[in-house]
>>> print(open('protein.cif').read())   # mmCIF, C-alpha atoms and all ligand atoms
data_protein
#
loop_
_atom_site.label_atom_id
_atom_site.label_comp_id
_atom_site.auth_asym_id
_atom_site.auth_seq_id
_atom_site.Cartn_x
_atom_site.Cartn_y
_atom_site.Cartn_z
CA MET S 288 0.00 0.00 0.00
CA SER S 289 1.36 3.45 -0.80
CA LEU S 290 2.22 5.81 2.01
CA PHE S 291 -0.66 8.11 1.03
CA TRP S 292 -3.31 5.37 1.27
CA ARG S 293 -1.72 3.97 4.38
CA ILE S 294 -2.02 7.25 6.27
CA PHE S 295 -5.41 8.00 4.76
CA SER S 296 -6.86 4.63 5.78
CA LEU S 297 -5.43 4.92 9.30
CA ASN S 298 -7.07 8.34 9.69
CA ALA S 299 -10.28 7.10 8.09
CA ALA S 300 -10.43 4.14 10.49
CA VAL S 301 -10.05 6.37 13.52
CA LEU S 302 -12.61 8.91 12.27
CA THR S 303 -15.12 6.20 11.37
CA VAL S 304 -14.88 4.65 14.82
CA ALA S 305 -15.31 8.12 16.36
CA ALA S 306 -18.36 8.81 14.18
CA LEU S 307 -19.92 5.42 15.07
CA VAL S 308 -19.40 6.07 18.75
CA LEU S 309 -21.05 9.47 18.30
CA LEU S 310 -24.00 7.94 16.41
CA PHE S 311 -24.77 5.22 18.90
CA ALA S 312 -23.81 6.90 22.14
CA PRO S 313 -26.60 8.64 24.08
CA VAL S 314 -25.12 12.11 23.69
CA THR S 315 -26.60 15.41 22.59
CA VAL S 316 -24.97 18.77 22.10
CA SER S 317 -26.97 21.92 22.77
CA ALA S 318 -26.71 24.97 20.47
CA THR S 319 -24.51 26.61 23.05
CA ALA S 320 -22.75 23.61 24.57
CA ARG S 321 -23.11 23.08 28.26
CA LEU S 322 -20.05 22.34 30.39
CA ALA S 323 -20.69 18.58 30.65
CA GLU S 324 -21.22 18.30 26.90
CA ALA S 325 -18.06 20.29 26.15
CA LEU S 326 -16.07 18.04 28.49
CA ILE S 327 -17.38 14.91 26.76
CA ILE S 328 -16.49 16.32 23.32
CA LEU S 329 -13.02 17.31 24.48
CA ALA S 330 -12.44 13.87 25.99
CA GLY S 331 -13.66 12.23 22.78
CA THR S 332 -11.34 14.40 20.67
CA ALA S 333 -8.37 13.59 22.92
CA LEU S 334 -9.17 9.88 22.66
CA THR S 335 -9.40 10.14 18.85
CA LEU S 336 -6.05 11.91 18.66
CA VAL S 337 -4.36 9.34 20.89
CA ALA S 338 -5.78 6.48 18.80
CA ASN S 339 -4.68 8.25 15.62
CA ALA S 340 -1.15 8.82 16.93
CA ALA S 341 -0.84 5.21 18.05
CA MET S 342 -1.94 3.87 14.66
CA LEU S 343 0.33 6.25 12.78
CA ARG S 344 3.24 5.19 14.97
CA VAL S 345 2.56 1.55 14.06
CA GLY S 346 1.96 2.37 10.42
CA LEU S 347 5.19 4.39 10.07
CA SER S 348 7.37 2.09 12.17
CA PRO S 349 9.23 0.72 9.11
CA LEU S 350 10.41 4.29 8.40
CA ALA S 351 11.58 4.68 11.98
CA ARG S 352 13.52 1.40 11.69
CA LEU S 353 15.04 2.58 8.43
CA THR S 354 16.15 5.87 10.02
CA ARG S 355 17.68 4.00 12.93
CA VAL S 356 19.69 1.74 10.65
CA MET S 357 20.72 4.67 8.44
CA THR S 358 22.16 6.57 11.39
CA THR S 359 24.00 3.62 12.93
CA ILE S 360 25.17 1.72 9.87
CA ASP S 361 28.91 0.95 9.72
CA LEU S 362 30.28 -0.27 6.40
CA LEU S 363 33.13 -2.02 8.20
CA LYS S 364 30.57 -4.29 9.88
CA PRO S 365 28.73 -5.45 6.78
CA GLY S 366 25.63 -7.58 6.50
CA THR S 367 22.99 -5.36 8.11
CA ARG S 368 19.81 -5.50 6.01
CA LEU S 369 16.21 -4.51 6.72
CA SER S 370 13.37 -6.82 5.82
CA ALA S 371 10.98 -5.23 3.35
CA ARG S 372 7.42 -6.56 3.52
CA GLY S 373 4.68 -5.74 1.02
CA HIS S 374 4.91 -3.71 -2.18
CA GLY S 375 4.26 -0.14 -1.07
CA GLU S 376 6.54 2.86 -1.15
CA ILE S 377 8.09 2.02 2.21
CA ALA S 378 8.96 -1.52 1.10
CA GLN S 379 10.43 -0.06 -2.08
CA LEU S 380 12.44 2.45 -0.08
CA ILE S 381 13.82 -0.33 2.11
CA THR S 382 14.67 -2.50 -0.90
CA THR S 383 16.47 0.44 -2.52
CA PHE S 384 18.31 1.15 0.71
CA ASN S 385 19.39 -2.50 0.96
CA SER S 386 20.75 -2.54 -2.57
CA MET S 387 22.51 0.77 -1.96
CA LEU S 388 24.18 -0.82 1.08
CA GLU S 389 25.20 -3.76 -1.09
CA ARG S 390 26.91 -1.43 -3.56
CA LEU S 391 28.55 0.71 -0.85
CA GLU S 392 29.91 -2.35 0.94
CA ALA S 393 31.35 -3.76 -2.27
CA GLU S 394 32.90 -0.38 -3.12
CA ARG S 395 34.27 0.00 0.41
CA ALA S 396 35.80 -3.48 0.31
CA SER S 397 37.46 -2.92 -3.05
CA SER S 398 38.81 0.53 -2.16
CA ALA S 399 40.11 -0.84 1.13
CA GLY S 400 41.71 -3.64 -0.87
CA ARG S 401 43.45 -1.17 -3.18
CA ALA S 402 44.67 0.95 -0.27
CA LEU S 403 45.94 -2.04 1.69
CA SER S 404 47.76 -3.63 -1.21
CA ALA S 405 49.39 -0.28 -1.98
CA GLN S 406 50.41 -0.09 1.69
CA GLU S 407 51.81 -3.62 1.66
CA ALA S 408 53.74 -2.91 -1.54
CA GLU S 409 55.20 0.25 0.01
CA ARG S 410 56.18 -1.63 3.17
CA HIS S 411 57.78 -4.28 1.03
CA ARG S 412 59.81 -1.66 -0.81
CA ILE S 413 60.94 0.10 2.38
CA ALA S 414 61.83 -3.21 4.04
CA GLN S 415 63.86 -4.23 1.01
CA GLU S 416 65.70 -0.92 0.87
CA LEU S 417 66.44 -1.02 4.59
CA HIS S 418 67.79 -4.52 4.21
CA ASP S 419 69.66 -4.08 0.93
CA GLU S 420 70.95 -0.51 1.23
CA ILE S 421 71.45 0.42 4.88
CA GLY S 422 71.89 -3.19 5.96
CA GLN S 423 74.66 -3.78 3.41
CA THR S 424 76.37 -0.47 4.19
CA LEU S 425 76.39 -1.18 7.92
CA THR S 426 77.70 -4.68 7.31
CA ALA S 427 80.56 -3.22 5.27
CA VAL S 428 81.26 -0.67 8.04
CA LEU S 429 81.32 -3.52 10.55
CA LEU S 430 83.89 -5.45 8.51
CA ASP S 431 86.05 -2.33 8.10
CA LEU S 432 85.87 -1.69 11.84
CA LYS S 433 86.99 -5.24 12.52
CA ARG S 434 89.95 -4.87 10.20
CA VAL S 435 90.95 -1.47 11.59
CA ALA S 436 90.56 -2.68 15.19
CA LYS S 437 93.02 -5.47 14.53
CA ALA S 438 95.70 -3.04 13.37
CA ALA S 439 94.96 -0.33 15.97
CA PRO S 440 96.95 0.18 19.19
CA GLU S 441 95.45 -1.03 22.50
CA PRO S 442 93.29 1.90 23.84
CA VAL S 443 91.86 2.71 20.38
CA ALA S 444 91.13 -0.96 19.71
CA ASP S 445 89.00 -1.10 22.85
CA GLN S 446 86.97 1.89 21.75
CA LEU S 447 86.63 0.44 18.29
CA LEU S 448 85.22 -2.69 19.86
CA GLN S 449 82.47 -0.59 21.43
CA VAL S 450 81.75 1.11 18.12
CA GLN S 451 81.51 -2.33 16.54
CA GLU S 452 79.04 -3.37 19.21
CA SER S 453 76.74 -0.40 18.68
CA THR S 454 76.96 -0.81 14.91
CA ARG S 455 75.95 -4.45 15.30
CA ASN S 456 72.99 -3.38 17.49
CA SER S 457 71.87 -0.89 14.84
CA LEU S 458 72.09 -3.61 12.23
CA ASP S 459 69.92 -5.89 14.37
CA GLU S 460 67.43 -3.07 14.91
CA ILE S 461 67.20 -2.41 11.18
CA ARG S 462 66.64 -6.11 10.52
CA ARG S 463 63.91 -6.11 13.16
CA ILE S 464 62.21 -3.09 11.60
CA ALA S 465 62.45 -4.65 8.15
CA ARG S 466 60.94 -7.86 9.50
CA ARG S 467 58.08 -5.97 11.13
CA LEU S 468 57.40 -4.09 7.89
CA ARG S 469 57.45 -7.22 5.82
CA PRO S 470 57.14 -10.55 7.63
CA GLY S 471 59.61 -12.46 5.46
CA VAL S 472 59.14 -15.56 7.59
CA LEU S 473 55.55 -15.61 6.38
CA ASP S 474 56.73 -16.21 2.82
CA GLU S 475 59.59 -18.48 3.78
CA LEU S 476 58.34 -20.58 6.69
CA GLY S 477 54.59 -20.05 6.75
CA LEU S 478 52.06 -18.65 9.17
CA ALA S 479 52.81 -20.88 12.17
CA SER S 480 56.48 -19.88 12.29
CA ALA S 481 55.67 -16.24 11.64
CA LEU S 482 53.24 -16.26 14.59
CA ARG S 483 55.86 -17.94 16.76
CA ALA S 484 58.35 -15.19 15.90
CA LEU S 485 55.69 -12.56 16.56
CA ALA S 486 54.82 -14.04 19.96
CA GLY S 487 58.53 -14.08 20.83
CA GLU S 488 58.89 -10.45 19.81
CA PHE S 489 56.10 -9.35 22.16
CA THR S 490 57.16 -11.47 25.12
CA THR S 491 58.82 -9.17 27.63
CA ALA S 492 59.48 -9.16 31.36
CA GLY S 493 55.96 -7.89 32.09
CA LEU S 494 54.01 -9.69 29.37
CA SER S 495 53.99 -13.35 28.45
CA VAL S 496 52.46 -14.44 25.17
CA ARG S 497 51.17 -18.01 25.15
CA ARG S 498 50.94 -19.27 21.63
CA GLN S 499 48.83 -22.17 20.49
CA VAL S 500 48.79 -22.97 16.79
CA GLY S 501 46.87 -26.02 15.60
CA SER S 502 48.84 -28.66 13.72
CA ASP S 503 45.94 -29.52 11.42
CA LEU S 504 45.42 -26.10 9.86
CA PRO S 505 44.14 -26.04 6.29
CA VAL S 506 46.38 -24.51 3.64
CA LEU S 507 45.51 -20.82 3.41
CA PRO S 508 46.04 -18.49 0.46
CA LYS S 509 48.92 -16.03 0.83
CA ASP S 510 46.68 -12.96 1.19
CA VAL S 511 44.63 -14.68 3.91
CA GLU S 512 47.81 -15.58 5.81
CA LEU S 513 48.94 -11.96 5.62
CA VAL S 514 45.60 -10.74 7.03
CA VAL S 515 45.77 -13.25 9.91
CA TYR S 516 49.33 -12.16 10.61
CA ARG S 517 48.54 -8.44 10.55
CA VAL S 518 45.50 -8.89 12.81
CA ALA S 519 47.61 -10.87 15.29
CA GLN S 520 50.31 -8.18 15.10
CA GLU S 521 47.89 -5.30 15.78
CA SER S 522 46.13 -7.22 18.57
CA LEU S 523 49.42 -7.95 20.29
CA THR S 524 50.52 -4.33 19.82
CA ASN S 525 47.27 -3.18 21.45
CA ALA S 526 47.63 -5.67 24.30
CA ALA S 527 51.20 -4.48 24.91
CA ARG S 528 50.32 -0.81 24.59
CA HIS S 529 46.90 -0.45 26.21
CA SER S 530 45.90 -3.46 28.29
CA ALA S 531 48.44 -3.61 31.15
CA ALA S 532 47.94 -7.37 30.89
CA GLN S 533 50.28 -10.05 32.19
CA HIS S 534 49.27 -12.81 29.82
CA VAL S 535 48.10 -12.88 26.25
CA ASP S 536 46.80 -16.04 24.60
CA LEU S 537 47.36 -16.24 20.87
CA VAL S 538 45.37 -19.13 19.45
CA LEU S 539 45.03 -20.18 15.83
CA ALA S 540 42.78 -23.19 15.41
CA ARG S 541 40.96 -25.06 12.71
CA THR S 542 37.17 -24.69 12.61
CA ASP S 543 34.44 -26.36 10.58
CA PHE S 544 34.61 -23.54 8.03
CA GLY S 545 38.25 -22.51 8.06
CA VAL S 546 40.38 -21.08 10.84
CA ARG S 547 39.85 -18.90 13.87
CA LEU S 548 42.44 -16.53 15.29
CA CYS S 549 41.87 -15.45 18.85
CA VAL S 550 44.04 -13.00 20.78
CA ARG S 551 42.85 -12.65 24.36
CA ASP S 552 44.55 -10.66 27.14
CA ASP S 553 43.85 -10.48 30.86
CA GLY S 554 44.22 -6.71 31.06
CA ARG S 555 41.90 -3.84 31.83
CA GLY S 556 39.52 -4.35 28.88
CA LEU S 557 38.26 -1.87 26.31
CA ARG S 558 36.18 0.16 28.78
CA GLY S 559 34.17 1.76 26.00
CA ALA S 560 37.20 3.16 24.14
CA ALA S 561 36.42 4.35 20.62
CA GLU S 562 37.86 2.33 17.76
CA GLY S 563 41.01 3.90 16.35
CA ALA S 564 43.00 3.39 13.17
CA GLY S 565 44.31 0.06 14.44
CA ILE S 566 40.97 -1.66 14.96
CA ARG S 567 39.47 -0.04 11.85
CA GLY S 568 42.46 -1.34 9.90
CA MET S 569 41.83 -4.86 11.22
CA ARG S 570 38.20 -4.57 10.13
CA GLU S 571 39.23 -3.46 6.65
CA ARG S 572 41.63 -6.37 6.30
CA ALA S 573 39.00 -8.81 7.54
CA LEU S 574 36.51 -7.41 5.04
CA LEU S 575 39.02 -7.95 2.29
CA ILE S 576 39.07 -11.73 2.72
CA GLY S 577 35.42 -12.06 3.75
CA ALA S 578 36.34 -12.84 7.35
CA HIS S 579 34.39 -11.82 10.44
CA LEU S 580 36.14 -9.77 13.12
CA THR S 581 34.97 -9.08 16.65
CA VAL S 582 36.74 -6.98 19.27
CA GLU S 583 35.14 -7.14 22.69
CA SER S 584 35.81 -7.02 26.38
CA GLY S 585 35.95 -10.55 27.73
CA THR S 586 33.41 -11.76 30.28
CA THR S 587 36.17 -12.14 32.87
CA GLY S 588 37.89 -8.84 32.03
CA GLY S 589 40.52 -8.29 29.38
CA THR S 590 40.02 -7.91 25.68
CA ALA S 591 39.42 -10.56 23.04
CA VAL S 592 39.96 -10.14 19.31
CA GLN S 593 38.54 -12.90 17.15
CA LEU S 594 38.98 -13.37 13.44
CA GLU S 595 36.78 -15.99 11.84
CA VAL S 596 38.14 -16.97 8.43
CA LYS S 597 36.31 -19.10 5.91
CA ALA S 598 38.86 -21.09 3.98
N1 LIG U 601 43.85 -4.98 24.35
C1 LIG U 601 43.34 -3.80 24.74
N2 LIG U 601 43.18 -3.53 26.06
C2 LIG U 601 42.67 -2.33 26.47
N3 LIG U 601 42.28 -1.35 25.63
C3 LIG U 601 42.41 -1.55 24.30
C4 LIG U 601 42.94 -2.80 23.78
N4 LIG U 601 42.93 -2.71 22.44
C5 LIG U 601 42.44 -1.50 22.13
N5 LIG U 601 42.13 -0.80 23.24
C6 LIG U 601 41.52 0.54 23.27
O1 LIG U 601 40.94 0.82 22.03
C7 LIG U 601 41.49 1.99 21.47
C8 LIG U 601 41.58 1.89 19.98
O2 LIG U 601 42.57 0.95 19.58
P1 LIG U 601 43.21 1.07 18.13
O3 LIG U 601 42.09 1.16 17.15
O4 LIG U 601 44.16 -0.06 17.93
O5 LIG U 601 43.94 2.46 18.13
P2 LIG U 601 45.35 2.85 18.82
O6 LIG U 601 46.00 1.58 19.25
O7 LIG U 601 46.07 3.55 17.75
O8 LIG U 601 44.97 3.73 19.98
C9 LIG U 601 42.83 2.17 22.17
O9 LIG U 601 43.21 3.51 22.22
C10 LIG U 601 42.56 1.61 23.54
O10 LIG U 601 42.00 2.58 24.38
MG MG U 602 46.32 -0.08 18.04
#
>>> encode(input="protein.cif", output="structure tokens", more="lines below")
Ligand SMILES: Nc1ncnc2c1ncn2[C@@H]1O[C@H](COP(=O)(O)OP(=O)(O)O)[C@@H](O)[C@H]1O
Ligand SMILES: [Mg+2]
Amino acid sequence: MSLFWRIFSLNAAVLTVAALVLLFAPVTVSATARLAEALIILAGTALTLVANAAMLRVGLSPLARLTRVMTTIDLLKPGTRLSARGHGEIAQLITTFNSMLERLEAERASSAGRALSAQEAERHRIAQELHDEIGQTLTAVLLDLKRVAKAAPEPVADQLLQVQESTRNSLDEIRRIARRLRPGVLDELGLASALRALAGEFTTAGLSVRRQVGSDLPVLPKDVELVVYRVAQESLTNAARHSAAQHVDLVLARTDFGVRLCVRDDGRGLRGAAEGAGIRGMRERALLIGAHLTVESGTTGGTAVQLEVKA
């Protein structure tokens, strides 16, 4: 039914009932209404208005639902659709809205895909340059230092040894940065080893990362592995940076549909914090491979990030 006829019939129903009540009720109105008569008419009018408002509220409720969804919709949490019943204008509006969401979600996923692959390519390039250019230069400097230290007199040789040490530390740091930018182990040794290295990297005096990677994992495409790795990396970064936790559990297990990554800490929990670039980034990556991501405060405190991947 069109919106016009919907509202018209609701009003007509209310007015008809009011007229019937007037016809069959034992009421009369004098030419100049008496107080009792005026009160009855006022009460009747109020009742009619209330009934009208209630029916309009019911009749227009699909629009209210639509407005609610429109104001709260988040393209990074896809899948929200309204059910459209009937054939009227409201149903048509809802159907149009649903198909608009479909298009926006697809567009969002593909633009996120383009941005992320550009970002990964850039990281790859920087990691390679760090490794090949600065890494090689520092290695050459280290060899020179070694040679010079051998020929140098005693006090200078000692100092040169210290310079060698700090150069070696810088080299290690550069390798670490390059690895973080581009998880080479992921390509070389696979996801399980890359996650082991990641867990090791985040284990410090105050934080222990317990890692549990299933041995029966299905073979995952390279881009899916990268998403799992990046989500684990961001979750561990957040746990280390925000949670004040002592333990983090990093679990990657096989499920009926694919794999599930779960990173759970025993820290202070989200406490209503707004999602920042990190969590939004995880959502974008999840969207890219059709995975489902949830970030929530655990029932027993702490924060849990879950990535459900369909293989
Ligand atoms: N494991 C966690 N424990 C406690 N708070 C967290 C955790 N992860 C995220 N948060 C909260 O959520 C916010 C948003 O996280 P994120 O999107 O990664 O942005 P960023 O890390 O850049 O602040 C953080 O600022 C923090 O307040
Ligand atoms: Mg973060």
>>> axis_aligned_box(input="protein.cif", around="stretch 486-500 of chain S", padding_each_side="6 Å", output="lines of an AutoDock Vina configuration file")
center_x = 54.1
center_y = -15.4
center_z = 24.4
size_x = 22.7
size_y = 27.1
size_z = 27.3
>>> residues_near_ligand(input="protein.cif", ligand="ligand LIG 601 (chain U)", cutoff="9 Å", atoms="all atoms listed in the file", output="mmCIF file with C-alpha atoms, keeping the file's coordinate frame")
data_model
loop_
_atom_site.group_PDB
_atom_site.id
_atom_site.type_symbol
_atom_site.label_atom_id
_atom_site.label_comp_id
_atom_site.auth_asym_id
_atom_site.auth_seq_id
_atom_site.Cartn_x
_atom_site.Cartn_y
_atom_site.Cartn_z
ATOM 1 C CA GLU S 521 47.890 -5.300 15.780
ATOM 2 C CA SER S 522 46.130 -7.220 18.570
ATOM 3 C CA LEU S 523 49.420 -7.950 20.290
ATOM 4 C CA THR S 524 50.520 -4.330 19.820
ATOM 5 C CA ASN S 525 47.270 -3.180 21.450
ATOM 6 C CA ALA S 526 47.630 -5.670 24.300
ATOM 7 C CA ALA S 527 51.200 -4.480 24.910
ATOM 8 C CA ARG S 528 50.320 -0.810 24.590
ATOM 9 C CA HIS S 529 46.900 -0.450 26.210
ATOM 10 C CA SER S 530 45.900 -3.460 28.290
ATOM 11 C CA ALA S 531 48.440 -3.610 31.150
ATOM 12 C CA ALA S 532 47.940 -7.370 30.890
ATOM 13 C CA VAL S 550 44.040 -13.000 20.780
ATOM 14 C CA ARG S 551 42.850 -12.650 24.360
ATOM 15 C CA ASP S 552 44.550 -10.660 27.140
ATOM 16 C CA ASP S 553 43.850 -10.480 30.860
ATOM 17 C CA GLY S 554 44.220 -6.710 31.060
ATOM 18 C CA ARG S 555 41.900 -3.840 31.830
ATOM 19 C CA GLY S 556 39.520 -4.350 28.880
ATOM 20 C CA LEU S 557 38.260 -1.870 26.310
ATOM 21 C CA ARG S 558 36.180 0.160 28.780
ATOM 22 C CA GLY S 559 34.170 1.760 26.000
ATOM 23 C CA ALA S 560 37.200 3.160 24.140
ATOM 24 C CA ALA S 561 36.420 4.350 20.620
ATOM 25 C CA GLU S 562 37.860 2.330 17.760
ATOM 26 C CA GLY S 563 41.010 3.900 16.350
ATOM 27 C CA ALA S 564 43.000 3.390 13.170
ATOM 28 C CA GLY S 565 44.310 0.060 14.440
ATOM 29 C CA ILE S 566 40.970 -1.660 14.960
ATOM 30 C CA ARG S 567 39.470 -0.040 11.850
ATOM 31 C CA GLY S 568 42.460 -1.340 9.900
ATOM 32 C CA MET S 569 41.830 -4.860 11.220
ATOM 33 C CA VAL S 582 36.740 -6.980 19.270
ATOM 34 C CA GLU S 583 35.140 -7.140 22.690
ATOM 35 C CA SER S 584 35.810 -7.020 26.380
ATOM 36 C CA GLY S 589 40.520 -8.290 29.380
ATOM 37 C CA THR S 590 40.020 -7.910 25.680
ATOM 38 C CA ALA S 591 39.420 -10.560 23.040
ATOM 39 C CA VAL S 592 39.960 -10.140 19.310
#
>>> closest_residue(input="protein.cif", among="S:Ile413, S:Ala486, S:Val301, S:Leu473", to="S:Thr335", atoms="only C-alpha atoms")
S:Val301
>>> residues_near_point(input="protein.cif", point="(84.8, -2.8, 16.1)", cutoff="6 Å", atoms="all atoms listed in the file", output="count of residues only")
7
>>> residues_around(input="protein.cif", residues="S:Arg455", least_positions_apart="4", cutoff="12 Å", atoms="all atoms listed in the file", output="PDB file with C-alpha atoms, in the coordinates of the input")
ATOM      1  CA  GLY S 422      71.890  -3.190   5.960  1.00  0.00           C
ATOM      2  CA  GLN S 423      74.660  -3.780   3.410  1.00  0.00           C
ATOM      3  CA  THR S 424      76.370  -0.470   4.190  1.00  0.00           C
ATOM      4  CA  LEU S 425      76.390  -1.180   7.920  1.00  0.00           C
ATOM      5  CA  THR S 426      77.700  -4.680   7.310  1.00  0.00           C
ATOM      6  CA  ALA S 427      80.560  -3.220   5.270  1.00  0.00           C
ATOM      7  CA  VAL S 428      81.260  -0.670   8.040  1.00  0.00           C
ATOM      8  CA  LEU S 429      81.320  -3.520  10.550  1.00  0.00           C
ATOM      9  CA  LEU S 430      83.890  -5.450   8.510  1.00  0.00           C
ATOM     10  CA  LEU S 432      85.870  -1.690  11.840  1.00  0.00           C
ATOM     11  CA  LYS S 433      86.990  -5.240  12.520  1.00  0.00           C
ATOM     12  CA  LEU S 448      85.220  -2.690  19.860  1.00  0.00           C
ATOM     13  CA  GLN S 449      82.470  -0.590  21.430  1.00  0.00           C
ATOM     14  CA  VAL S 450      81.750   1.110  18.120  1.00  0.00           C
ATOM     15  CA  GLN S 451      81.510  -2.330  16.540  1.00  0.00           C
ATOM     16  CA  ASP S 459      69.920  -5.890  14.370  1.00  0.00           C
ATOM     17  CA  GLU S 460      67.430  -3.070  14.910  1.00  0.00           C
ATOM     18  CA  ILE S 461      67.200  -2.410  11.180  1.00  0.00           C
ATOM     19  CA  ARG S 462      66.640  -6.110  10.520  1.00  0.00           C
TER      20      ARG S 462
END
>>> atom_distance(input="protein.cif", atom1="atom CA of S:Gly545", atom2="atom CA of S:His579")
11.6 Å
>>> atom_distance(input="protein.cif", atom1="atom CA of S:Leu580", atom2="atom CA of S:Leu594")
4.6 Å
>>> atom_distance(input="protein.cif", atom1="atom CA of S:Thr490", atom2="atom CA of S:Val596")
25.9 Å
>>> residues_near_point(input="protein.cif", point="(55.4, -19.1, 13.5)", cutoff="12 Å", atoms="all atoms listed in the file", output="VMD selection string")
chain S and resid 470 to 488 498 to 502 512 515 to 516 519 537 to 539
>>> closest_residue(input="protein.cif", among="S:Ala371, S:Val518, S:Leu350, S:Ala578", to="ligand MG 602 (chain U)", atoms="all atoms listed in the file")
S:Val518
>>> closest_residue(input="protein.cif", among="S:Leu507, S:Leu403, S:Ala414, S:Val337", to="S:Arg570", atoms="all atoms listed in the file")
S:Leu403
>>> residues_around(input="protein.cif", residues="S:Ile328", least_positions_apart="5", cutoff="10 Å", atoms="all atoms listed in the file", output="compact mmCIF listing (two decimals) with C-alpha atoms, in the coordinates of the input")
# COMPACT_ATOMS: atom_id res chain seq x y z
CA LEU S 309 -21.05 9.47 18.30
CA VAL S 314 -25.12 12.11 23.69
CA VAL S 316 -24.97 18.77 22.10
CA ALA S 320 -22.75 23.61 24.57
CA LEU S 322 -20.05 22.34 30.39
CA ALA S 323 -20.69 18.58 30.65
CA ALA S 333 -8.37 13.59 22.92
CA LEU S 334 -9.17 9.88 22.66
>>> closest_residue(input="protein.cif", among="S:Gly400, S:Ser386, S:Thr354, S:Glu409", to="S:Leu574", atoms="all atoms listed in the file")
S:Gly400
>>> closest_residue(input="protein.cif", among="S:Ala325, S:Leu363, S:Leu302, S:Val546", to="S:Ala399", atoms="all atoms listed in the file")
S:Leu363
>>> closest_residue(input="protein.cif", among="S:Ala312, S:Arg410, S:Lys509, S:Pro365", to="S:Ala393", atoms="all atoms listed in the file")
S:Pro365
>>> decode(input="protein.cif", residues="stretch 493-505 of chain S", atoms="N, CA, C and O atoms", output="JSON list (two decimals), in the first residue's frame")
[["chain", "number", "residue", "atom", "x", "y", "z"],
["S", 493, "GLY", "N", 57.28, -8.08, 31.49],
["S", 493, "GLY", "CA", 55.96, -7.89, 32.09],
["S", 493, "GLY", "C", 54.83, -8.60, 31.36],
["S", 493, "GLY", "O", 53.70, -8.65, 31.85],
["S", 494, "LEU", "N", 55.11, -9.13, 30.18],
["S", 494, "LEU", "CA", 54.01, -9.69, 29.37],
["S", 494, "LEU", "C", 54.44, -11.04, 28.80],
["S", 494, "LEU", "O", 55.48, -11.14, 28.14],
["S", 495, "SER", "N", 53.66, -12.08, 29.08],
["S", 495, "SER", "CA", 53.99, -13.35, 28.45],
["S", 495, "SER", "C", 52.93, -13.70, 27.42],
["S", 495, "SER", "O", 51.73, -13.56, 27.68],
["S", 496, "VAL", "N", 53.38, -14.08, 26.25],
["S", 496, "VAL", "CA", 52.46, -14.44, 25.17],
["S", 496, "VAL", "C", 52.46, -15.96, 25.04],
["S", 496, "VAL", "O", 53.48, -16.57, 24.76],
["S", 497, "ARG", "N", 51.28, -16.56, 25.30],
["S", 497, "ARG", "CA", 51.17, -18.01, 25.15],
["S", 497, "ARG", "C", 50.58, -18.30, 23.78],
["S", 497, "ARG", "O", 49.51, -17.82, 23.45],
["S", 498, "ARG", "N", 51.33, -19.06, 23.02],
["S", 498, "ARG", "CA", 50.94, -19.27, 21.63],
["S", 498, "ARG", "C", 50.46, -20.71, 21.45],
["S", 498, "ARG", "O", 51.02, -21.65, 22.00],
["S", 499, "GLN", "N", 49.38, -20.84, 20.71],
["S", 499, "GLN", "CA", 48.83, -22.17, 20.49],
["S", 499, "GLN", "C", 48.35, -22.23, 19.04],
["S", 499, "GLN", "O", 47.32, -21.64, 18.70],
["S", 500, "VAL", "N", 49.13, -22.90, 18.21],
["S", 500, "VAL", "CA", 48.79, -22.97, 16.79],
["S", 500, "VAL", "C", 48.48, -24.42, 16.44],
["S", 500, "VAL", "O", 49.31, -25.30, 16.67],
["S", 501, "GLY", "N", 47.29, -24.66, 15.94],
["S", 501, "GLY", "CA", 46.87, -26.02, 15.60],
["S", 501, "GLY", "C", 47.81, -26.66, 14.59],
["S", 501, "GLY", "O", 48.40, -25.97, 13.75],
["S", 502, "SER", "N", 47.94, -27.98, 14.66],
["S", 502, "SER", "CA", 48.84, -28.66, 13.72],
["S", 502, "SER", "C", 48.09, -29.13, 12.48],
["S", 502, "SER", "O", 48.69, -29.59, 11.52],
["S", 503, "ASP", "N", 46.75, -29.00, 12.53],
["S", 503, "ASP", "CA", 45.94, -29.52, 11.42],
["S", 503, "ASP", "C", 45.30, -28.40, 10.60],
["S", 503, "ASP", "O", 44.22, -28.55, 10.06],
["S", 504, "LEU", "N", 46.00, -27.25, 10.56],
["S", 504, "LEU", "CA", 45.42, -26.10, 9.86],
["S", 504, "LEU", "C", 45.32, -26.37, 8.36],
["S", 504, "LEU", "O", 46.21, -26.98, 7.77],
["S", 505, "PRO", "N", 44.23, -25.89, 7.74],
["S", 505, "PRO", "CA", 44.14, -26.04, 6.29],
["S", 505, "PRO", "C", 45.14, -25.10, 5.62],
["S", 505, "PRO", "O", 45.60, -24.14, 6.23]]
